[in-house]
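S.K.: Structure file input.txt, compact mmCIF, C-alpha atoms, is pasted below:
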```
# COMPACT_ATOMS: atom_id res chain seq x y z
CA MET M 309 136.90 99.00 57.79
CA SER M 310 135.75 101.96 55.74
CA LYS M 311 132.06 102.03 55.15
CA ASN M 312 130.48 102.87 51.86
CA ASP M 313 127.20 101.99 50.26
CA ASN M 314 128.10 98.68 48.70
CA SER M 315 131.13 97.66 50.74
CA GLN M 316 129.10 95.58 53.20
CA ASP M 317 127.94 93.36 50.35
CA MET M 318 131.40 93.02 48.88
CA ILE M 319 133.23 91.20 51.63
CA THR M 320 131.92 89.77 54.88
CA THR M 321 133.59 89.66 58.28
CA ALA M 322 134.20 85.92 57.91
CA GLU M 323 135.82 86.47 54.51
CA THR M 324 137.97 89.26 55.97
CA ASP M 325 139.08 86.94 58.81
CA LEU M 326 140.01 84.25 56.34
CA LEU M 327 141.88 86.68 54.07
CA GLN M 328 143.79 87.93 57.13
CA GLU M 329 144.80 84.37 58.01
CA ILE M 330 145.85 83.70 54.42
CA MET M 331 147.91 86.91 54.42
CA ASN M 332 149.46 85.76 57.72
CA ILE M 333 150.49 82.43 56.16
CA ALA M 334 151.70 84.11 52.95
CA PHE M 335 153.85 86.72 54.64
CA GLY M 336 155.24 84.09 57.03
CA ARG M 337 156.38 82.15 53.97
CA ALA M 338 157.80 85.30 52.37
CA ALA M 339 159.77 86.11 55.52
CA SER M 340 161.13 82.58 55.56
CA ASP M 341 162.23 82.89 51.92
CA LEU M 342 164.00 86.17 52.68
CA ALA M 343 165.63 84.74 55.81
CA GLU M 344 167.02 81.89 53.73
CA PHE M 345 168.47 84.33 51.23
CA ILE M 346 170.05 86.69 53.78
CA ASP M 347 170.81 85.78 57.37
CA ILE M 348 168.13 87.71 59.23
CA PHE M 349 165.15 87.13 61.48
CA VAL M 350 161.96 88.93 60.45
CA ILE M 351 159.66 89.88 63.32
CA LEU M 352 156.12 89.52 62.05
CA SER M 353 152.94 91.26 63.16
CA VAL M 354 149.26 90.46 62.79
CA PRO M 355 148.13 91.54 59.29
CA GLN M 356 145.23 93.94 58.87
CA ILE M 357 142.61 93.88 56.13
CA GLU M 358 140.75 97.04 55.11
CA LEU M 359 138.10 97.60 52.49
CA MET M 360 138.01 101.11 51.08
CA GLN M 361 137.40 103.28 48.07
CA ALA M 362 140.63 103.29 46.04
CA SER M 363 140.62 107.08 46.16
CA GLU M 364 140.92 106.85 49.99
CA LEU M 365 144.07 104.81 49.71
CA PRO M 366 146.66 107.62 49.53
CA VAL M 367 145.22 109.26 52.67
CA TYR M 368 145.14 105.90 54.44
CA ILE M 369 148.76 105.13 53.56
CA ASN M 370 149.93 108.64 54.50
CA LYS M 371 148.24 108.20 57.86
CA GLU M 372 149.90 104.81 58.38
CA LEU M 373 153.31 106.23 57.47
CA VAL M 374 152.91 109.47 59.39
CA SER M 375 156.13 108.91 61.34
CA TYR M 376 158.12 108.43 58.11
CA ASP M 377 159.42 111.70 56.71
CA LYS M 378 160.80 110.22 53.54
CA VAL M 379 160.41 106.69 52.28
CA SER M 380 161.88 104.22 49.86
CA VAL M 381 159.22 102.28 48.02
CA VAL M 382 159.16 99.09 46.01
CA GLU M 383 156.08 98.84 43.84
CA GLN M 384 155.12 95.74 41.91
CA ASN M 385 151.95 94.95 39.98
CA PHE M 386 150.63 91.43 39.79
CA TRP M 387 148.17 89.73 37.51
CA GLY M 388 146.08 86.61 37.66
CA LYS M 389 142.56 86.11 38.93
CA PHE M 390 143.96 87.83 42.01
CA ARG M 391 145.35 91.10 40.66
CA GLY M 392 146.46 94.45 41.95
CA SER M 393 149.52 96.27 43.23
CA ALA M 394 151.90 95.75 46.11
CA TYR M 395 153.78 98.56 47.84
CA LEU M 396 156.65 97.92 50.21
CA PHE M 397 157.61 101.02 52.21
CA PHE M 398 160.81 101.53 54.19
CA PRO M 399 161.64 104.65 56.21
CA SER M 400 164.35 107.10 55.21
CA GLY M 401 167.92 105.93 55.85
CA THR M 402 167.09 102.23 55.54
CA GLY M 403 169.07 101.69 52.36
CA LYS M 404 172.57 101.57 53.85
CA ARG M 405 171.49 99.21 56.62
CA MET M 406 169.80 97.03 54.02
CA ILE M 407 172.96 96.84 51.92
CA SER M 408 174.86 95.54 54.94
CA LEU M 409 172.38 92.65 55.10
CA PHE M 410 173.70 91.49 51.76
CA ASP M 411 177.42 91.91 52.44
CA GLY M 412 177.25 90.30 55.88
CA GLY M 413 177.88 93.61 57.64
CA SER M 414 181.45 93.76 56.42
CA LYS M 415 183.17 96.97 55.39
CA PHE M 416 183.33 95.76 51.84
CA PHE M 417 182.58 99.12 50.32
CA GLU M 418 185.44 101.55 50.43
CA SER M 419 183.18 104.45 49.70
CA GLU M 420 179.60 105.21 50.67
CA PRO M 421 177.08 102.91 48.98
CA THR M 422 175.70 104.48 45.84
CA HIS M 423 172.12 105.28 45.05
CA GLU M 424 172.15 102.42 42.53
CA MET M 425 173.28 99.95 45.20
CA GLU M 426 170.44 101.04 47.46
CA GLN M 427 168.02 100.74 44.60
CA GLU M 428 169.18 97.23 43.73
CA THR M 429 169.00 96.13 47.35
CA PHE M 430 165.44 97.38 47.74
CA MET M 431 164.55 95.72 44.45
CA GLU M 432 165.95 92.38 45.62
CA VAL M 433 164.25 92.48 49.02
CA GLY M 434 161.00 93.70 47.47
CA ASN M 435 161.07 91.08 44.78
CA ILE M 436 161.45 88.29 47.35
CA LEU M 437 158.92 89.59 49.90
CA ILE M 438 156.25 90.67 47.42
CA GLY M 439 156.75 87.73 45.07
CA ALA M 440 156.65 85.09 47.80
CA CYS M 441 153.71 86.70 49.57
CA ILE M 442 151.54 87.19 46.47
CA GLY M 443 152.62 83.79 45.16
CA LYS M 444 151.52 82.06 48.36
CA ILE M 445 148.18 83.88 48.49
CA ALA M 446 147.55 82.88 44.89
CA GLU M 447 148.64 79.28 45.54
CA LEU M 448 146.42 78.90 48.60
CA LEU M 449 143.47 80.26 46.63
CA GLY M 450 144.13 78.17 43.51
CA ASP M 451 145.56 80.86 41.26
CA VAL M 452 148.87 81.66 39.57
CA SER M 453 150.32 85.17 39.43
CA THR M 454 152.57 87.00 37.03
CA TYR M 455 154.42 90.16 38.00
CA SER M 456 155.71 93.40 36.58
CA PRO M 457 159.37 94.14 37.28
CA PRO M 458 159.66 95.90 40.65
CA ARG M 459 159.87 99.69 40.49
CA VAL M 460 161.96 101.31 43.19
CA VAL M 461 161.84 104.89 44.35
CA VAL M 462 164.49 105.80 46.91
CA GLU M 463 164.16 108.58 49.50
CA LYS M 464 161.02 110.31 48.34
CA SER M 465 158.32 112.02 50.36
CA ASN M 466 155.60 109.44 50.93
CA ARG M 467 152.96 112.04 50.07
CA GLY M 468 151.43 111.39 46.72
CA PHE M 469 153.41 108.30 45.76
CA VAL M 470 150.42 105.99 45.70
CA ALA M 471 148.07 108.66 44.30
CA ASP M 472 150.33 109.02 41.26
CA ASN M 473 150.22 105.30 40.54
CA LEU M 474 146.71 104.45 41.52
CA PHE M 475 144.41 102.39 39.38
CA ASP M 476 140.86 103.62 38.87
CA PRO M 477 140.20 105.66 42.03
CA ASP M 478 136.46 105.03 41.79
CA ASN M 479 137.01 101.33 42.38
CA LEU M 480 136.87 99.58 45.70
CA ALA M 481 140.09 98.15 46.99
CA ILE M 482 140.97 95.53 49.57
CA VAL M 483 144.13 96.53 51.38
CA LEU M 484 146.18 93.85 53.09
CA LYS M 485 148.69 95.47 55.42
CA THR M 486 151.48 93.98 57.45
CA VAL M 487 154.25 95.61 59.46
CA PHE M 488 157.57 93.86 59.97
CA GLU M 489 161.02 94.36 61.46
CA PHE M 490 164.39 92.94 60.55
CA ASN M 491 165.57 92.09 64.02
CA GLU M 492 169.32 92.43 63.55
CA LYS M 493 169.28 95.69 61.61
CA ASN M 494 166.56 97.64 63.38
CA VAL M 495 164.78 98.06 60.07
CA SER M 496 161.02 98.12 59.89
CA GLY M 497 158.69 98.38 56.94
CA TYR M 498 155.14 98.19 55.67
CA LEU M 499 153.70 95.99 52.98
CA PHE M 500 150.41 97.01 51.40
CA ILE M 501 148.72 94.75 48.88
CA VAL M 502 145.87 96.40 47.04
CA THR M 503 143.48 94.28 45.00
CA LYS M 504 141.24 95.66 42.34
CA GLN M 505 137.47 95.46 42.48
CA GLU M 506 137.43 93.17 39.44
CA SER M 507 139.12 90.51 41.61
CA PHE M 508 136.44 90.59 44.30
CA GLY M 509 134.05 88.06 42.74
CA TRP M 510 136.80 85.54 42.16
CA LEU M 511 138.30 86.23 45.60
CA LYS M 512 135.04 85.57 47.43
CA ASN M 513 134.56 82.28 45.56
CA ALA M 514 138.16 81.25 46.18
CA LEU M 515 137.86 82.01 49.91
CA HIS M 516 134.73 79.87 50.13
CA LYS M 517 136.40 77.02 48.26
CA TYR M 518 139.41 77.28 50.59
CA ILE M 519 137.31 77.00 53.74
CA GLU M 520 135.21 74.17 52.28
CA GLN M 521 138.19 71.82 52.54
CA TYR M 522 137.96 72.19 56.32
CA GLU M 523 134.19 71.66 56.61
CA MET S 1052 145.81 60.06 77.49
CA ILE S 1053 144.98 63.39 75.94
CA LYS S 1054 141.51 64.54 76.88
CA LYS S 1055 141.61 68.31 76.92
CA ILE S 1056 143.08 70.45 74.11
CA LEU S 1057 143.55 74.22 74.23
CA ILE S 1058 143.93 76.23 71.00
CA VAL S 1059 145.51 79.69 71.32
CA ASP S 1060 145.13 81.81 68.16
CA ASP S 1061 144.00 85.37 67.50
CA SER S 1062 142.17 84.39 64.32
CA PRO S 1063 138.65 83.00 64.85
CA ILE S 1064 138.76 81.39 61.42
CA SER S 1065 142.08 79.77 62.23
CA ILE S 1066 140.62 78.30 65.45
CA LYS S 1067 137.72 76.95 63.39
CA ILE S 1068 140.14 75.40 60.88
CA ILE S 1069 142.28 73.81 63.61
CA LYS S 1070 139.19 72.39 65.35
CA SER S 1071 138.05 70.88 62.05
CA CYS S 1072 141.44 69.13 61.74
CA ILE S 1073 141.24 67.51 65.19
CA PRO S 1074 139.88 63.95 64.94
CA LYS S 1075 136.26 63.90 66.08
CA ASP S 1076 136.13 60.24 67.11
CA MET S 1077 138.35 60.73 70.17
CA GLY S 1078 135.90 62.97 72.00
CA TYR S 1079 138.47 65.59 72.95
CA GLU S 1080 137.29 68.48 75.11
CA LEU S 1081 138.26 71.61 73.12
CA HIS S 1082 138.98 75.07 74.54
CA ASP S 1083 140.25 78.20 72.82
CA ALA S 1084 141.79 81.58 73.59
CA ALA S 1085 142.16 84.70 71.42
CA ASP S 1086 145.70 85.77 72.37
CA GLY S 1087 148.71 84.66 74.37
CA GLN S 1088 147.66 86.33 77.60
CA ILE S 1089 144.16 84.84 77.55
CA GLY S 1090 145.82 81.56 76.57
CA VAL S 1091 148.00 81.55 79.69
CA GLU S 1092 144.99 82.33 81.90
CA LYS S 1093 142.94 79.64 80.16
CA TYR S 1094 145.78 77.15 80.57
CA LYS S 1095 145.84 77.74 84.33
CA GLU S 1096 142.07 77.37 84.52
CA VAL S 1097 141.57 74.36 82.23
CA LYS S 1098 144.94 72.58 82.63
CA PRO S 1099 144.82 71.03 79.15
CA ASP S 1100 146.82 67.94 78.24
CA LEU S 1101 147.88 69.59 74.98
CA THR S 1102 148.04 73.18 73.74
CA PHE S 1103 148.23 74.38 70.13
CA MET S 1104 149.85 77.83 70.16
CA ASP S 1105 150.08 80.43 67.39
CA LEU S 1106 153.15 82.70 67.42
CA THR S 1107 152.08 86.00 65.86
CA MET S 1108 149.38 87.37 68.15
CA PRO S 1109 148.50 90.74 69.69
CA VAL S 1110 148.81 91.49 73.44
CA MET S 1111 151.13 88.54 74.14
CA ASN S 1112 152.81 86.57 71.37
CA GLY S 1113 153.21 82.82 71.30
CA PHE S 1114 156.84 82.82 72.44
CA GLN S 1115 155.96 84.77 75.59
CA ALA S 1116 152.87 82.67 76.24
CA LEU S 1117 154.90 79.48 75.84
CA GLU S 1118 157.41 80.72 78.43
CA GLU S 1119 154.63 81.68 80.85
CA ILE S 1120 152.89 78.33 80.50
CA LEU S 1121 156.13 76.42 81.05
CA LYS S 1122 156.87 78.54 84.13
CA PHE S 1123 153.51 77.47 85.50
CA ASP S 1124 153.75 73.86 84.37
CA GLN S 1125 157.14 72.49 83.35
CA LYS S 1126 155.51 69.41 81.86
CA ALA S 1127 153.12 71.33 79.61
CA ILE S 1128 152.91 69.98 76.09
CA VAL S 1129 152.73 72.99 73.78
CA ILE S 1130 152.74 72.49 70.02
CA ILE S 1131 153.49 75.65 68.05
CA LEU S 1132 151.12 75.96 65.09
CA THR S 1133 152.38 78.89 63.08
CA ALA S 1134 152.71 80.68 59.77
CA ASP S 1135 156.11 81.94 60.88
CA VAL S 1136 158.21 79.23 59.30
CA GLN S 1137 161.59 80.97 59.52
CA ILE S 1138 164.28 78.58 60.71
CA LYS S 1139 165.18 80.96 63.55
CA ALA S 1140 161.54 81.13 64.72
CA ILE S 1141 161.27 77.35 64.76
CA ALA S 1142 164.61 77.03 66.58
CA LYS S 1143 163.55 79.63 69.15
CA ALA S 1144 160.30 77.77 69.81
CA HIS S 1145 162.23 74.55 70.41
CA ASP S 1146 164.78 76.34 72.61
CA LEU S 1147 161.98 77.73 74.75
CA GLY S 1148 160.58 74.24 75.27
CA ALA S 1149 157.92 73.74 72.62
CA PHE S 1150 157.05 70.08 72.15
CA SER S 1151 156.97 70.42 68.36
CA VAL S 1152 156.20 72.86 65.58
CA VAL S 1153 153.50 72.42 62.94
CA LYS S 1154 153.32 74.75 59.95
CA LYS S 1155 150.20 76.58 58.86
CA PRO S 1156 147.99 75.98 56.99
CA PRO S 1157 147.29 72.85 59.03
CA ALA S 1158 146.29 69.58 57.43
CA LYS S 1159 144.18 66.95 59.15
CA GLU S 1160 147.06 64.49 58.84
CA SER S 1161 149.64 66.80 60.43
CA ILE S 1162 147.34 67.67 63.33
CA ALA S 1163 146.43 64.01 63.92
CA ALA S 1164 150.12 63.05 63.83
CA ALA S 1165 151.03 65.84 66.25
CA ILE S 1166 148.31 64.76 68.69
CA LYS S 1167 149.43 61.13 68.47
CA GLU S 1168 153.03 62.11 69.14
CA ALA S 1169 151.96 64.16 72.16
CA ASN S 1170 149.78 61.32 73.39
CA ASP S 1171 152.67 58.84 73.12
CA ALA S 1172 154.86 61.24 75.13
CA LEU S 1173 152.20 61.53 77.82
CA ILE S 1174 151.85 57.74 78.08
CA GLU S 1175 155.63 57.35 78.27
CA ARG S 1176 155.77 59.84 81.13
CA GLY S 1177 153.16 57.78 82.97
```
Taking this structure as input, can you express it in the form of structure tokens?
M.R.:
Amino acid sequence: MSKNDNSQDMITTAETDLLQEIMNIAFGRAASDLAEFIDIFVILSVPQIELMQASELPVYINKELVSYDKVSVVEQNFWGKFRGSAYLFFPSGTGKRMISLFDGGSKFFESEPTHEMEQETFMEVGNILIGACIGKIAELLGDVSTYSPPRVVVEKSNRGFVADNLFDPDNLAIVLKTVFEFNEKNVSGYLFIVTKQESFGWLKNALHKYIEQYE
Amino acid sequence: MIKKILIVDDSPISIKIIKSCIPKDMGYELHDAADGQIGVEKYKEVKPDLTFMDLTMPVMNGFQALEEILKFDQKAIVIILTADVQIKAIAKAHDLGAFSVVKKPPAKESIAAAIKEANDALIERG
């Protein structure tokens, strides 16, 4: 966890642990929703929670994606008491393999899939994964979310993508990260959920309320 | 009768939540382990009557740990307690020999019912 002057007071280790477990449950549900929609098996990993200055976020994401030359990104903003942005990153060349998830791997397309097809596929997958994950986090913590339409950028250098879209860089951000693989298609990706500092107070209260039901 | 329960989960808060869902009046002896590998070692040491096993864990995941435990003890009762609720994950757990699968977040009722079911199976086995 990044250290800065007030970060220690913002979220405790116990709260981080609980948020990690909630992210684990939420992404598990999102994977299940996607697997029902297209016939795949999503290999899940243990989510990570980081607290950092929002201005550190682009460097952090670049570091995480260092092995990805170019990326395709689905970005979606969400609002509620829990608010922020979600970024779903896939490495270069994923688009065509993703399209085959939707057509059952058949040679349906006579020509190469178009840029628009790739874009629509990413949008669909992103919409399901981000929507289900954010929705479940919000539900577990007693909130309801609304979403912006997903924005898709295909095959762009990952450098600078988040910096260009960042909310107030002076704010603190909680980053929830999970890495996943689509077993059958050898596709992996990253999901980053970034919450704004204005959500912190509500989030801490909601986490405490959540754990109270088990005490 | 179930006396000893092992909980294998990499999340300390999740272990705390699961423990809080286990009925207190039965006086179960509770043990825990922070990943699949430690879970297998703990299983061999403690020989629990029932194990709650997470799937998504570092070092050794729950599928691998389940296989290792069943290699050591074919009669082991391992209940998968997981956030991975994909149909294929649940089917794989059953195929590998899990006793049952309970979805996270756990509820006191679902944990109590799972323990009762495991207890009935133990009694039936004699």
S.K.: Counting all atoms listed in the file, which residues of chain S fall within 10 Å of chain M, and what is the closest atom pair for each with its distance in Å at one decimal, ordered by chain and rising number, as a Markdown table?
M.R.:
```
| residue | atom | partner | partner_atom | distance |
| --- | --- | --- | --- | --- |
| S:Asp1061 | CA | M:Val354 | CA | 8.7 |
| S:Ser1062 | CA | M:Asp325 | CA | 6.8 |
| S:Pro1063 | CA | M:Asp325 | CA | 7.2 |
| S:Ile1064 | CA | M:Leu326 | CA | 6.0 |
| S:Ser1065 | CA | M:Glu329 | CA | 6.8 |
| S:Lys1067 | CA | M:Tyr522 | CA | 8.5 |
| S:Ile1068 | CA | M:Tyr522 | CA | 6.0 |
| S:Ile1069 | CA | M:Tyr522 | CA | 8.6 |
| S:Lys1070 | CA | M:Tyr522 | CA | 9.1 |
| S:Ser1071 | CA | M:Tyr522 | CA | 5.9 |
| S:Cys1072 | CA | M:Tyr522 | CA | 7.1 |
| S:Leu1106 | CA | M:Leu352 | CA | 9.2 |
| S:Thr1107 | CA | M:Ser353 | CA | 6.0 |
| S:Met1108 | CA | M:Val354 | CA | 6.2 |
| S:Pro1109 | CA | M:Val354 | CA | 6.9 |
| S:Asn1112 | CA | M:Ser353 | CA | 9.5 |
| S:Thr1133 | CA | M:Ile333 | CA | 8.0 |
| S:Ala1134 | CA | M:Ile333 | CA | 4.6 |
| S:Asp1135 | CA | M:Gly336 | CA | 4.5 |
| S:Val1136 | CA | M:Ser340 | CA | 5.8 |
| S:Gln1137 | CA | M:Ser340 | CA | 4.3 |
| S:Ile1138 | CA | M:Ser340 | CA | 7.2 |
| S:Lys1139 | CA | M:Phe349 | CA | 6.5 |
| S:Ala1140 | CA | M:Phe349 | CA | 7.7 |
| S:Lys1154 | CA | M:Ile333 | CA | 9.0 |
| S:Lys1155 | CA | M:Ile333 | CA | 6.4 |
| S:Pro1156 | CA | M:Ile333 | CA | 7.0 |
| S:Pro1157 | CA | M:Tyr522 | CA | 9.7 |
| S:Ala1158 | CA | M:Tyr522 | CA | 8.8 |
| S:Lys1159 | CA | M:Tyr522 | CA | 8.6 |
```
S.K.: Leaving out S:Asp1100 and any residue of its chain fewer than 2 positions from it, which residues lie within 8 Å of it when counting all atoms listed in the file, given as a ChimeraX atom specification?
M.R.: /S:1052-1056,1098,1102,1127-1128
S.K.: Report as an MDAnalysis selection string all protein, DNA and RNA residues lying within 9 Å of S:Lys1095, evaluated on all atoms listed in the file, omitting residues in the same chain fewer than 6 positions from it.
M.R.: chainID S and resid 1120 1123:1124
S.K.: Selected residues, C-alpha atoms, written as a PDB file, keeping the file's coordinate frame, please.
M.R.:
```
ATOM      1  CA  ILE S1120     152.890  78.330  80.500  1.00  0.00           C
ATOM      2  CA  PHE S1123     153.510  77.470  85.500  1.00  0.00           C
ATOM      3  CA  ASP S1124     153.750  73.860  84.370  1.00  0.00           C
TER       4      ASP S1124
END
```
S.K.: Excluding stretch 432-442 of chain M and any residue of its chain fewer than 2 positions from it, enumerate the residues within 9 Å of it, using only C-alpha atoms, and give them as a PyMOL selection string.
M.R.: chain M and resi 331+333-339+341-342+345+381-384+386+390+394-396+406+427-430+444-447+453+455+457-458+460+499+501
S.K.: Which residues come within 12 Å of S:His1145, counting only C-alpha atoms, excluding same-chain residues fewer than 4 positions away, as a PyMOL selection string?
M.R.: chain S and resi 1114+1117-1118+1128-1131+1138-1141+1149-1153
S.K.: Just to confirm, what's the straight-line distance from atom CA of M:Gly403 to atom CA of M:Glu426 in Å (one decimal)?
M.R.: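 Separation of atom CA of M:Gly403 and atom CA of M:Glu426: 5.1 Å.
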S.K.: Grab the atom CA of S:Ala1172 to atom CA of S:Phe1103 distance for me, in Å with one decimal place.
M.R.: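 Computing it gives 15.5 Å between the two atoms.
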S.K.: Which residue out of M:Ser400, M:Thr321, M:Ser363, M:Asn513 has the minimum interatomic distance to M:Val495 when only C-alpha atoms are used?
M.R.: M:Ser400
S.K.: Could you please give me, as a PyMOL selection string, the residues of protein, DNA or RNA lying at most 12 Å from (156.6, 61.2, 80.3) in the coordinate frame of the file, considering only C-alpha atoms?
M.R.: chain S and resi 1052+1125-1128+1168-1177
